[in-house]
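**Student:** File follows, protein20.tsv with TSV, C-alpha atoms and all ligand atoms:
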chain	number	residue	atom	x	y	z
A	1	MET	CA	-13.51	-45.34	0.41
A	2	GLY	CA	-9.97	-44.05	0.25
A	3	THR	CA	-10.95	-40.40	0.00
A	4	LYS	CA	-8.56	-38.17	1.91
A	5	HIS	CA	-9.87	-35.68	4.39
A	6	PRO	CA	-9.08	-32.13	3.14
A	7	ASP	CA	-6.79	-31.60	6.16
A	8	GLN	CA	-4.61	-34.49	4.93
A	9	ILE	CA	-4.19	-33.25	1.37
A	10	GLY	CA	-0.63	-32.16	0.55
A	11	ILE	CA	0.05	-28.46	0.09
A	12	GLY	CA	1.32	-29.09	-3.45
A	13	HIS	CA	-2.06	-30.37	-4.52
A	14	TRP	CA	-3.75	-27.30	-3.13
A	15	ARG	CA	-1.51	-25.02	-5.11
A	16	GLN	CA	-1.89	-27.07	-8.28
A	17	THR	CA	-5.67	-26.95	-8.13
A	18	CYS	CA	-6.04	-23.41	-6.82
A	19	GLU	CA	-3.31	-20.94	-7.71
A	20	THR	CA	-5.14	-17.67	-8.25
A	21	VAL	CA	-7.43	-15.55	-6.11
A	22	GLY	CA	-10.16	-15.91	-8.75
A	23	LYS	CA	-10.04	-19.68	-8.40
A	24	MET	CA	-9.93	-19.54	-4.60
A	25	TYR	CA	-13.00	-17.32	-4.54
A	26	GLU	CA	-14.77	-19.63	-6.97
A	27	LYS	CA	-13.93	-22.68	-4.84
A	28	GLY	CA	-15.09	-21.03	-1.63
A	29	TRP	CA	-11.74	-20.74	0.14
A	30	ASP	CA	-11.22	-18.55	3.19
A	31	LEU	CA	-8.08	-16.45	3.22
A	32	HIS	CA	-6.58	-14.30	5.90
A	33	GLY	CA	-3.36	-12.48	6.57
A	34	ARG	CA	-1.43	-12.97	9.79
A	35	CYS	CA	1.50	-10.89	11.02
A	36	ASN	CA	4.45	-13.03	12.09
A	37	ALA	CA	5.43	-10.50	14.76
A	38	CYS	CA	2.30	-9.02	16.36
A	39	ASP	CA	-0.18	-11.75	15.31
A	40	LEU	CA	-2.53	-9.20	13.76
A	41	LEU	CA	-5.16	-11.13	11.83
A	42	MET	CA	-6.98	-9.72	8.79
A	43	LEU	CA	-9.70	-11.44	6.82
A	44	VAL	CA	-9.23	-11.14	3.07
A	45	ASP	CA	-12.24	-9.94	1.09
A	46	PHE	CA	-11.84	-11.72	-2.23
A	47	ARG	CA	-14.05	-9.24	-4.07
A	48	VAL	CA	-11.80	-6.37	-3.00
A	49	LEU	CA	-8.60	-8.29	-3.74
A	50	ILE	CA	-9.87	-9.35	-7.18
A	51	ALA	CA	-10.99	-5.79	-7.96
A	52	MET	CA	-7.52	-4.51	-7.00
A	53	ARG	CA	-5.23	-7.17	-8.46
A	54	GLY	CA	-7.39	-9.08	-10.92
A	55	PRO	CA	-8.58	-12.71	-10.73
A	56	ASP	CA	-5.24	-14.07	-11.95
A	57	PHE	CA	-3.28	-12.66	-9.01
A	58	ILE	CA	-1.30	-15.42	-7.28
A	59	PRO	CA	-1.13	-14.90	-3.50
A	60	TRP	CA	1.03	-17.97	-2.80
A	61	ASN	CA	4.33	-17.30	-0.97
A	62	ARG	CA	3.68	-13.56	-0.68
A	63	LYS	CA	4.37	-11.40	2.32
A	64	THR	CA	3.93	-7.72	2.96
A	65	ARG	CA	5.02	-5.37	5.72
A	66	CYS	CA	2.60	-5.24	8.62
A	67	ARG	CA	0.76	-1.91	8.78
A	68	ARG	CA	-0.13	-2.01	12.43
A	69	ILE	CA	0.85	1.06	14.42
A	70	VAL	CA	2.54	0.11	17.69
A	71	PHE	CA	3.92	2.17	20.57
A	72	ALA	CA	7.39	2.48	19.07
A	73	GLY	CA	6.18	3.31	15.55
A	74	ARG	CA	5.27	0.63	13.06
A	75	CYS	CA	5.23	-3.10	13.58
A	76	LYS	CA	8.37	-4.61	12.04
A	77	GLY	CA	6.66	-7.89	11.14
A	78	PHE	CA	5.45	-9.32	7.86
A	79	VAL	CA	1.91	-10.36	7.01
A	80	GLU	CA	1.60	-13.75	5.32
A	81	PHE	CA	-1.47	-15.47	3.92
A	82	GLU	CA	-3.15	-18.49	5.43
A	83	PHE	CA	-5.96	-20.42	3.77
A	84	ARG	CA	-8.76	-22.79	4.59
A	85	ALA	CA	-10.39	-24.68	1.75
A	86	PRO	CA	-13.92	-26.08	2.17
A	87	GLY	CA	-13.84	-29.05	4.54
A	88	MET	CA	-10.57	-28.07	6.20
A	89	THR	CA	-10.73	-27.59	9.96
A	90	GLU	CA	-7.72	-25.28	10.31
A	91	PHE	CA	-5.96	-22.57	8.36
A	92	ARG	CA	-2.66	-23.47	6.73
A	93	GLN	CA	0.13	-21.26	5.42
A	94	LEU	CA	-0.22	-20.36	1.77
A	95	LYS	CA	3.28	-21.53	0.93
A	96	ALA	CA	4.22	-23.99	-1.79
A	97	ALA	CA	6.49	-24.19	-4.80
A	98	PRO	CA	4.95	-23.00	-8.09
A	99	ALA	CA	2.74	-25.59	-9.76
A	100	ASP	CA	5.16	-26.20	-12.63
A	101	ARG	CA	7.98	-27.01	-10.22
A	102	LEU	CA	6.12	-29.37	-7.95
A	103	SER	CA	7.25	-32.94	-7.68
A	104	ASP	CA	3.83	-33.97	-6.40
A	105	ALA	CA	1.85	-36.26	-8.63
A	106	PRO	CA	-0.75	-34.59	-10.81
A	107	VAL	CA	-4.20	-33.99	-9.39
A	108	GLY	CA	-5.88	-37.33	-9.09
A	109	HIS	CA	-9.26	-38.74	-8.31
A	110	VAL	CA	-9.08	-37.57	-4.70
A	111	MET	CA	-9.21	-33.90	-5.61
A	112	ARG	CA	-11.70	-34.40	-8.39
A	113	ALA	CA	-14.04	-36.23	-6.02
A	114	PHE	CA	-13.56	-33.47	-3.48
A	115	TYR	CA	-14.51	-30.71	-5.88
A	116	GLU	CA	-17.35	-32.70	-7.37
A	117	GLU	CA	-18.74	-32.96	-3.87
A	118	ILE	CA	-18.51	-29.18	-3.43
A	119	ASP	CA	-20.18	-28.61	-6.79
A	120	ARG	CA	-22.96	-30.97	-5.79
A	121	LYS	CA	-23.49	-29.09	-2.55
A	122	LYS	CA	-23.51	-25.75	-4.35
A	123	ALA	CA	-25.96	-27.03	-6.95
A	124	ALA	CA	-28.24	-28.31	-4.20
A	125	LYS	CA	-28.54	-24.85	-2.65
A	126	PRO	CA	-31.68	-22.95	-3.62
A	201	ZN	ZN	2.47	-6.79	12.94
Take the structure in this file and express it as structure tokens.

**Tutor:**
Amino acid sequence: MGTKHPDQIGIGHWRQTCETVGKMYEKGWDLHGRCNACDLLMLVDFRVLIAMRGPDFIPWNRKTRCRRIVFAGRCKGFVEFEFRAPGMTEFRQLKAAPADRLSDAPVGHVMRAFYEEIDRKKAAKP
């Protein structure tokens, strides 16, 4: 079998198959925000994010000011998203060119097989 492990799948493919928070939630992704200055880590609650921004909100390449209060005032860092799709062992930065500007090949059998496997597992749950 030539099926790629999810950790080996290129970032472009991830963005192509899962651009919006609605889709990420549906596919069972984990998302968190990490500050690039103070390392503050915040788990993203998809239900809250979807309620606030709608299911079509695209979190790719976004960063926001860190809200942590530090001794000197406010942290000067930026919080960026990191994701972990089912099967991945580590979080990766949610950074990739928009789907329509990617040079990556279109989603092939690797990703389809991957998601079919997830669907099978979900269907098997009582
Ligand atoms: Zn910070």

**Student:** Where does chain A meet ligand ZN 201 (chain A) within 12 Å, residue by residue, with the nearest atom pair and distance in Å to one decimal for each, counting all atoms listed in the file, listed by chain and rising number, as CSV?

**Tutor:**
residue,atom,partner,partner_atom,distance
A:Gly33,CA,A:ZN201,ZN,10.3
A:Arg34,CA,A:ZN201,ZN,8.0
A:Cys35,CA,A:ZN201,ZN,4.6
A:Asn36,CA,A:ZN201,ZN,6.6
A:Ala37,CA,A:ZN201,ZN,5.1
A:Cys38,CA,A:ZN201,ZN,4.1
A:Asp39,CA,A:ZN201,ZN,6.1
A:Leu40,CA,A:ZN201,ZN,5.6
A:Leu41,CA,A:ZN201,ZN,8.8
A:Met42,CA,A:ZN201,ZN,10.7
A:Lys63,CA,A:ZN201,ZN,11.7
A:Thr64,CA,A:ZN201,ZN,10.1
A:Arg65,CA,A:ZN201,ZN,7.8
A:Cys66,CA,A:ZN201,ZN,4.6
A:Arg67,CA,A:ZN201,ZN,6.6
A:Arg68,CA,A:ZN201,ZN,5.5
A:Ile69,CA,A:ZN201,ZN,8.2
A:Val70,CA,A:ZN201,ZN,8.4
A:Phe71,CA,A:ZN201,ZN,11.9
A:Gly73,CA,A:ZN201,ZN,11.1
A:Arg74,CA,A:ZN201,ZN,7.9
A:Cys75,CA,A:ZN201,ZN,4.7
A:Lys76,CA,A:ZN201,ZN,6.4
A:Gly77,CA,A:ZN201,ZN,4.7
A:Phe78,CA,A:ZN201,ZN,6.4
A:Val79,CA,A:ZN201,ZN,6.9
A:Glu80,CA,A:ZN201,ZN,10.4

**Student:** Mind pulling up the distance from atom CA of Arg62 of chain A to atom CA of Asp119 of chain A?

**Tutor:** 28.9 Å

**Student:** Please provide as JSON, numbers by chain all residues within 7 Å of segment 45-50 of chain A, with the sequence filter that same-chain residues fewer than 2 positions apart are discarded (counting all atoms listed in the file).

**Tutor:** {"A": [21, 22, 25, 43, 52, 53, 54, 55]}

**Student:** Provide the atom CA of Gln8 of chain A to atom CA of Lys125 of chain A distance in Å, to one decimal place.

**Tutor:**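 These atoms are spaced 26.9 Å apart.
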
**Student:** Provide the atom CA of Asp7 of chain A to atom CA of Arg120 of chain A distance in Å, to one decimal place.

**Tutor:**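 Those two atoms sit 20.1 Å apart.
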
**Student:** Nearest to Gln93 of chain A among A:Glu19, A:Ala72, A:Met24, A:Asn61, with distances taken over only C-alpha atoms: which residue is it?

**Tutor:**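 Among the listed residues, the smallest separation from Gln93 of chain A belongs to A:Asn61.
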
**Student:** Of the candidates A:His5, A:Lys23, A:Arg15, A:His32, which shows the shortest atom-to-atom distance to Gly87 of chain A, using only C-alpha atoms?

**Tutor:**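 Among A:His5, A:Lys23, A:Arg15, A:His32, it is A:His5 that comes nearest to Gly87 of chain A.
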
**Student:** Could you name the residues that touch Thr20 of chain A at 6 Å or less, counting only C-alpha atoms, but leaving out those on the same chain fewer than 4 positions away, as a ChimeraX atom specification?

**Tutor:** /A:56-58

**Student:** For segment 35-69 of chain A, supply N, CA and C atoms and report the output as a short mmCIF file (atom, residue, chain, number, x, y, z; two decimals), keeping the file's coordinate frame.

**Tutor:**
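See result02.cif below for the written result:
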data_model
loop_
_atom_site.label_atom_id
_atom_site.label_comp_id
_atom_site.auth_asym_id
_atom_site.auth_seq_id
_atom_site.Cartn_x
_atom_site.Cartn_y
_atom_site.Cartn_z
N CYS A 35 0.17 -11.46 10.82
CA CYS A 35 1.50 -10.89 11.02
C CYS A 35 2.35 -11.85 11.85
N ASN A 36 3.59 -12.09 11.38
CA ASN A 36 4.45 -13.03 12.09
C ASN A 36 5.10 -12.42 13.34
N ALA A 37 4.87 -11.13 13.56
CA ALA A 37 5.43 -10.50 14.76
C ALA A 37 4.35 -10.18 15.79
N CYS A 38 3.31 -9.47 15.38
CA CYS A 38 2.30 -9.02 16.36
C CYS A 38 1.03 -9.87 16.34
N ASP A 39 0.96 -10.84 15.39
CA ASP A 39 -0.18 -11.75 15.31
C ASP A 39 -1.47 -11.07 14.85
N LEU A 40 -1.36 -9.87 14.33
CA LEU A 40 -2.53 -9.20 13.76
C LEU A 40 -3.14 -10.09 12.69
N LEU A 41 -4.46 -10.24 12.74
CA LEU A 41 -5.16 -11.13 11.83
C LEU A 41 -6.15 -10.32 11.00
N MET A 42 -6.08 -10.47 9.67
CA MET A 42 -6.98 -9.72 8.79
C MET A 42 -7.65 -10.65 7.80
N LEU A 43 -8.96 -10.63 7.78
CA LEU A 43 -9.70 -11.44 6.82
C LEU A 43 -9.58 -10.81 5.44
N VAL A 44 -9.34 -11.64 4.44
CA VAL A 44 -9.23 -11.14 3.07
C VAL A 44 -10.61 -11.16 2.42
N ASP A 45 -11.00 -10.01 1.86
CA ASP A 45 -12.24 -9.94 1.09
C ASP A 45 -11.87 -10.18 -0.37
N PHE A 46 -12.24 -11.36 -0.87
CA PHE A 46 -11.84 -11.72 -2.23
C PHE A 46 -12.32 -10.71 -3.28
N ARG A 47 -13.52 -10.18 -3.07
CA ARG A 47 -14.05 -9.24 -4.07
C ARG A 47 -13.18 -7.99 -4.16
N VAL A 48 -12.68 -7.54 -3.01
CA VAL A 48 -11.80 -6.37 -3.00
C VAL A 48 -10.46 -6.72 -3.64
N LEU A 49 -9.90 -7.87 -3.23
CA LEU A 49 -8.60 -8.29 -3.74
C LEU A 49 -8.65 -8.49 -5.26
N ILE A 50 -9.72 -9.11 -5.74
CA ILE A 50 -9.87 -9.35 -7.18
C ILE A 50 -10.05 -8.03 -7.92
N ALA A 51 -10.80 -7.11 -7.33
CA ALA A 51 -10.99 -5.79 -7.96
C ALA A 51 -9.65 -5.05 -8.05
N MET A 52 -8.81 -5.22 -7.03
CA MET A 52 -7.52 -4.51 -7.00
C MET A 52 -6.47 -5.17 -7.89
N ARG A 53 -6.33 -6.49 -7.81
CA ARG A 53 -5.23 -7.17 -8.46
C ARG A 53 -5.64 -8.05 -9.63
N GLY A 54 -6.92 -8.22 -9.84
CA GLY A 54 -7.39 -9.08 -10.92
C GLY A 54 -7.49 -10.53 -10.47
N PRO A 55 -8.34 -11.33 -11.15
CA PRO A 55 -8.58 -12.71 -10.73
C PRO A 55 -7.36 -13.63 -10.90
N ASP A 56 -6.40 -13.21 -11.70
CA ASP A 56 -5.24 -14.07 -11.95
C ASP A 56 -4.09 -13.81 -10.97
N PHE A 57 -4.31 -12.94 -10.02
CA PHE A 57 -3.28 -12.66 -9.01
C PHE A 57 -2.99 -13.92 -8.19
N ILE A 58 -1.71 -14.22 -8.02
CA ILE A 58 -1.30 -15.42 -7.28
C ILE A 58 -0.79 -15.00 -5.89
N PRO A 59 -1.53 -15.34 -4.84
CA PRO A 59 -1.13 -14.90 -3.50
C PRO A 59 -0.16 -15.85 -2.80
N TRP A 60 0.14 -16.98 -3.43
CA TRP A 60 1.03 -17.97 -2.80
C TRP A 60 2.41 -17.35 -2.53
N ASN A 61 2.96 -17.68 -1.38
CA ASN A 61 4.33 -17.30 -0.97
C ASN A 61 4.55 -15.80 -0.82
N ARG A 62 3.50 -15.02 -0.78
CA ARG A 62 3.68 -13.56 -0.68
C ARG A 62 3.68 -13.10 0.77
N LYS A 63 4.45 -12.05 1.01
CA LYS A 63 4.37 -11.40 2.32
C LYS A 63 4.53 -9.90 2.14
N THR A 64 3.84 -9.18 3.02
CA THR A 64 3.93 -7.72 2.96
C THR A 64 4.20 -7.20 4.37
N ARG A 65 4.77 -6.01 4.44
CA ARG A 65 5.02 -5.37 5.72
C ARG A 65 3.73 -5.19 6.49
N CYS A 66 3.76 -5.47 7.76
CA CYS A 66 2.60 -5.24 8.62
C CYS A 66 2.36 -3.73 8.72
N ARG A 67 1.09 -3.33 8.72
CA ARG A 67 0.76 -1.91 8.78
C ARG A 67 0.29 -1.47 10.15
N ARG A 68 0.36 -2.38 11.10
CA ARG A 68 -0.13 -2.01 12.43
C ARG A 68 0.78 -0.95 13.06
N ILE A 69 0.12 0.03 13.68
CA ILE A 69 0.85 1.06 14.42
C ILE A 69 1.03 0.56 15.85
#
